[in-house]
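Worksheet: one structure, shown below.
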Amino acid sequence: MDIIIKLVYGMKILKDSKRKLVFILLIFVITIVSITACTNKPEKEIENDSYKFEQDSSLSKFINPNIQKEVLESDIGVVAPKLAFASDNYAGILNYNGLLIYNINDKKLSSAIDIKGLGFDQIQGDKAIDISSNNEYLILSKFGEKKGYIYSFEDKYLSKTDDISKIESKRAEYPNFDEINTVKLKIGEKDKEIDVIKTENRYVILILDYNNLKNSDFLEVDKNYDIVSKFKLYK
């Protein structure tokens with residue numbers, strides 16, 4: 001009788017052990033599946049979750065295409081207007097009076113931002129305006145600061161952000177001296193001073209007319225130095 005009881009008890013322990021083993025294996029499988037699902041989350045979804053913003057109507061007054069005249073009629077002095085950014089369809093010209101945003105495809109001014117009104121009172125130095133962009137947005141901040149502003153190229157509105165690092169963007173890439181000289185030679189402007197931003201597939205070029213900024217030329221050339229687009233800053 002004692003042997004039968006011990007046998008039954010032993011079988012119960014074995015059965016309980018199997019249940020525990022099955023339970024542990026189940027937990028392990030669920031964990032692996034969860035990790036895999038998170039790892040394989042679509043990149044676009046993660047990117048979209050990282051930044052969402054809406055128009056801040058209180059900032060609308062700082063979007064003012066009329067400042068184009070102030071920028072292009074200002075005294076060049078020691079700081080000439082410069083190319084500030086270039087995306088697939090847009091490029092910007094910056095001086096202390098504002099940031100002009102041009103639509104390269106349409107060959108005309110798209111909009112302009114009153115940077116002084118937003119609190120950017122320097123375009124050089126440690127606390128100067130820091131500009132980066134992607135194909136949808138323009139990001140404005142001060143060097144070393146996380147908070148800033150976002151401008152939508154398509155919808156033409158501004159919004160505040162507490163953390164600009166949430167938005168994937170790039171600063172302008174400026175070629176070195178030798179590459180700039182090569183560009184000047186290839187486009188037949190070797191005797192003029194030019195400002196150049198290099199992108200993946202092209203160069204965006206500003207040829208300043210120091211006597212009259214309105215007559216300055218905006219160019220887009222491909223990597224073979226063929227002119228894709230050319231127009232005056234003001235027309």
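Every chain in the structure tokens takes a letter, A first, then B, and so on in the order presented; its residues are numbered from 1, and the ligands are numbered from 1 following the presented order.
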At a cut-off of 7 Å, can you tabulate as JSON lines every residue of region 91-110 of chain A near region 65-83 of chain A together with its closest atom pair and the distance in Å to one decimal, using only C-alpha atoms and ordering rows by chain then number?
```
{"residue": "A:Gly92", "atom": "CA", "partner": "A:Leu83", "partner_atom": "CA", "distance": 5.8}
{"residue": "A:Ile93", "atom": "CA", "partner": "A:Leu83", "partner_atom": "CA", "distance": 4.6}
{"residue": "A:Leu94", "atom": "CA", "partner": "A:Pro81", "partner_atom": "CA", "distance": 5.4}
{"residue": "A:Asn95", "atom": "CA", "partner": "A:Pro81", "partner_atom": "CA", "distance": 4.8}
{"residue": "A:Asn97", "atom": "CA", "partner": "A:Val71", "partner_atom": "CA", "distance": 5.5}
{"residue": "A:Gly98", "atom": "CA", "partner": "A:Val71", "partner_atom": "CA", "distance": 6.3}
{"residue": "A:Leu100", "atom": "CA", "partner": "A:Gln68", "partner_atom": "CA", "distance": 6.5}
```
Please extract the residues of region 49-185 of chain A with a backbone DSSP assignment of strand (DSSP E or B) and present them as a PyMOL selection string. chain A and resi 63+82-86+90-95+98-103+108-113+129-133+137-142+148-152+158-161+170
Residue nearest Ser132 (chain A) among A:Glu168, A:Asp163, A:Asp226, A:Glu54 (counting only C-alpha atoms): A:Glu168
Extract the full set of helix (DSSP H, G or I) residues from region 53-180 of chain A according to DSSP on the backbone, and format it as a list in words.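 Output for region 53-180 of chain A, helix (DSSP H, G or I) only: Ser57, Ser58, Leu59, Ser60, Lys61, Phe62, Ile67, Gln68, Lys69, Glu70, Val71, Leu72, Ile164, Ser165, Lys166, Phe177, Asp178, Glu179 and Ile180 of chain A.
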File of the preceding selection, N, CA and C atoms, as a PDB file, in the first residue's frame:
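Dumped everything to part.pdb:
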```
ATOM      1  N   SER A  57      -0.765  79.360 -34.190  1.00  0.00           N
ATOM      2  CA  SER A  57      -1.257  80.588 -34.833  1.00  0.00           C
ATOM      3  C   SER A  57      -0.585  81.840 -34.282  1.00  0.00           C
ATOM      4  N   SER A  58      -0.078  81.771 -33.060  1.00  0.00           N
ATOM      5  CA  SER A  58       0.584  82.944 -32.472  1.00  0.00           C
ATOM      6  C   SER A  58       1.903  83.260 -33.166  1.00  0.00           C
ATOM      7  N   LEU A  59       2.418  82.293 -33.949  1.00  0.00           N
ATOM      8  CA  LEU A  59       3.693  82.492 -34.645  1.00  0.00           C
ATOM      9  C   LEU A  59       3.501  82.947 -36.091  1.00  0.00           C
ATOM     10  N   SER A  60       2.262  83.033 -36.529  1.00  0.00           N
ATOM     11  CA  SER A  60       1.985  83.378 -37.928  1.00  0.00           C
ATOM     12  C   SER A  60       2.547  84.738 -38.318  1.00  0.00           C
ATOM     13  N   LYS A  61       2.590  85.660 -37.366  1.00  0.00           N
ATOM     14  CA  LYS A  61       3.072  87.014 -37.663  1.00  0.00           C
ATOM     15  C   LYS A  61       4.547  87.032 -38.040  1.00  0.00           C
ATOM     16  N   PHE A  62       5.276  85.954 -37.723  1.00  0.00           N
ATOM     17  CA  PHE A  62       6.701  85.903 -38.040  1.00  0.00           C
ATOM     18  C   PHE A  62       6.975  85.285 -39.414  1.00  0.00           C
ATOM     19  N   ILE A  67       9.417  90.765 -45.992  1.00  0.00           N
ATOM     20  CA  ILE A  67      10.775  91.085 -45.526  1.00  0.00           C
ATOM     21  C   ILE A  67      11.817  90.774 -46.606  1.00  0.00           C
ATOM     22  N   GLN A  68      11.383  90.171 -47.725  1.00  0.00           N
ATOM     23  CA  GLN A  68      12.312  89.959 -48.839  1.00  0.00           C
ATOM     24  C   GLN A  68      12.970  91.276 -49.232  1.00  0.00           C
ATOM     25  N   LYS A  69      12.192  92.325 -49.247  1.00  0.00           N
ATOM     26  CA  LYS A  69      12.717  93.628 -49.639  1.00  0.00           C
ATOM     27  C   LYS A  69      13.767  94.106 -48.647  1.00  0.00           C
ATOM     28  N   GLU A  70      13.517  93.920 -47.343  1.00  0.00           N
ATOM     29  CA  GLU A  70      14.481  94.326 -46.326  1.00  0.00           C
ATOM     30  C   GLU A  70      15.792  93.558 -46.467  1.00  0.00           C
ATOM     31  N   VAL A  71      15.679  92.265 -46.728  1.00  0.00           N
ATOM     32  CA  VAL A  71      16.884  91.438 -46.868  1.00  0.00           C
ATOM     33  C   VAL A  71      17.686  91.861 -48.087  1.00  0.00           C
ATOM     34  N   LEU A  72      17.013  92.063 -49.215  1.00  0.00           N
ATOM     35  CA  LEU A  72      17.708  92.321 -50.473  1.00  0.00           C
ATOM     36  C   LEU A  72      18.081  93.788 -50.673  1.00  0.00           C
ATOM     37  N   ILE A 164      14.490  69.545 -30.566  1.00  0.00           N
ATOM     38  CA  ILE A 164      14.698  69.463 -32.013  1.00  0.00           C
ATOM     39  C   ILE A 164      15.311  68.131 -32.437  1.00  0.00           C
ATOM     40  N   SER A 165      15.906  67.386 -31.488  1.00  0.00           N
ATOM     41  CA  SER A 165      16.529  66.110 -31.836  1.00  0.00           C
ATOM     42  C   SER A 165      15.495  65.054 -32.224  1.00  0.00           C
ATOM     43  N   LYS A 166      14.213  65.315 -31.942  1.00  0.00           N
ATOM     44  CA  LYS A 166      13.166  64.373 -32.326  1.00  0.00           C
ATOM     45  C   LYS A 166      12.937  64.351 -33.839  1.00  0.00           C
ATOM     46  N   PHE A 177      37.281  74.704 -50.410  1.00  0.00           N
ATOM     47  CA  PHE A 177      37.727  75.760 -51.322  1.00  0.00           C
ATOM     48  C   PHE A 177      37.997  75.223 -52.726  1.00  0.00           C
ATOM     49  N   ASP A 178      38.667  74.087 -52.817  1.00  0.00           N
ATOM     50  CA  ASP A 178      39.019  73.520 -54.121  1.00  0.00           C
ATOM     51  C   ASP A 178      37.769  73.109 -54.912  1.00  0.00           C
ATOM     52  N   GLU A 179      36.807  72.527 -54.206  1.00  0.00           N
ATOM     53  CA  GLU A 179      35.582  72.095 -54.880  1.00  0.00           C
ATOM     54  C   GLU A 179      34.769  73.297 -55.359  1.00  0.00           C
ATOM     55  N   ILE A 180      34.769  74.352 -54.565  1.00  0.00           N
ATOM     56  CA  ILE A 180      34.067  75.567 -54.980  1.00  0.00           C
ATOM     57  C   ILE A 180      34.702  76.149 -56.245  1.00  0.00           C
TER      58      ILE A 180
END
```
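Neighbouring residues of Glu136 (chain A) at 10 Å or closer, counting only C-alpha atoms and skipping chain neighbours under 5 positions away, are Ser87, Asp88, Asn89, Tyr90, Ile150, Tyr151, Ser152, Phe153, Glu154, Asp155 and Ser169 of chain A.
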Those same residues, written as a compact mmCIF listing (two decimals), in the first residue's frame with N, CA, C and O atoms?
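Written output follows (result_37.txt):
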```txt
# COMPACT_ATOMS: atom_id res chain seq x y z
N SER A 87 17.01 71.73 -49.56
CA SER A 87 16.32 70.43 -49.58
C SER A 87 16.04 70.10 -51.04
O SER A 87 16.54 70.75 -51.94
N ASP A 88 15.23 69.10 -51.29
CA ASP A 88 14.96 68.71 -52.68
C ASP A 88 14.29 69.83 -53.48
O ASP A 88 14.59 70.03 -54.65
N ASN A 89 13.38 70.55 -52.84
CA ASN A 89 12.59 71.55 -53.57
C ASN A 89 12.81 72.98 -53.09
O ASN A 89 12.37 73.92 -53.76
N TYR A 90 13.46 73.14 -51.94
CA TYR A 90 13.58 74.47 -51.36
C TYR A 90 15.02 74.78 -50.97
O TYR A 90 15.83 73.89 -50.70
N ILE A 150 9.79 74.81 -35.78
CA ILE A 150 9.68 73.98 -36.98
C ILE A 150 8.81 74.72 -37.99
O ILE A 150 7.75 75.24 -37.63
N TYR A 151 9.28 74.75 -39.22
CA TYR A 151 8.50 75.37 -40.29
C TYR A 151 8.16 74.32 -41.33
O TYR A 151 9.03 73.55 -41.76
N SER A 152 6.89 74.26 -41.71
CA SER A 152 6.43 73.31 -42.73
C SER A 152 6.51 73.96 -44.10
O SER A 152 5.87 74.99 -44.35
N PHE A 153 7.32 73.38 -45.00
CA PHE A 153 7.45 73.94 -46.34
C PHE A 153 6.11 73.93 -47.08
O PHE A 153 5.74 74.91 -47.73
N GLU A 154 5.40 72.83 -46.98
CA GLU A 154 4.15 72.68 -47.74
C GLU A 154 3.04 73.56 -47.20
O GLU A 154 2.35 74.25 -47.95
N ASP A 155 2.85 73.53 -45.89
CA ASP A 155 1.72 74.24 -45.29
C ASP A 155 2.05 75.66 -44.85
O ASP A 155 1.17 76.42 -44.46
N SER A 169 17.02 65.64 -39.33
CA SER A 169 17.33 66.70 -40.28
C SER A 169 18.84 66.82 -40.43
O SER A 169 19.60 66.24 -39.65
```
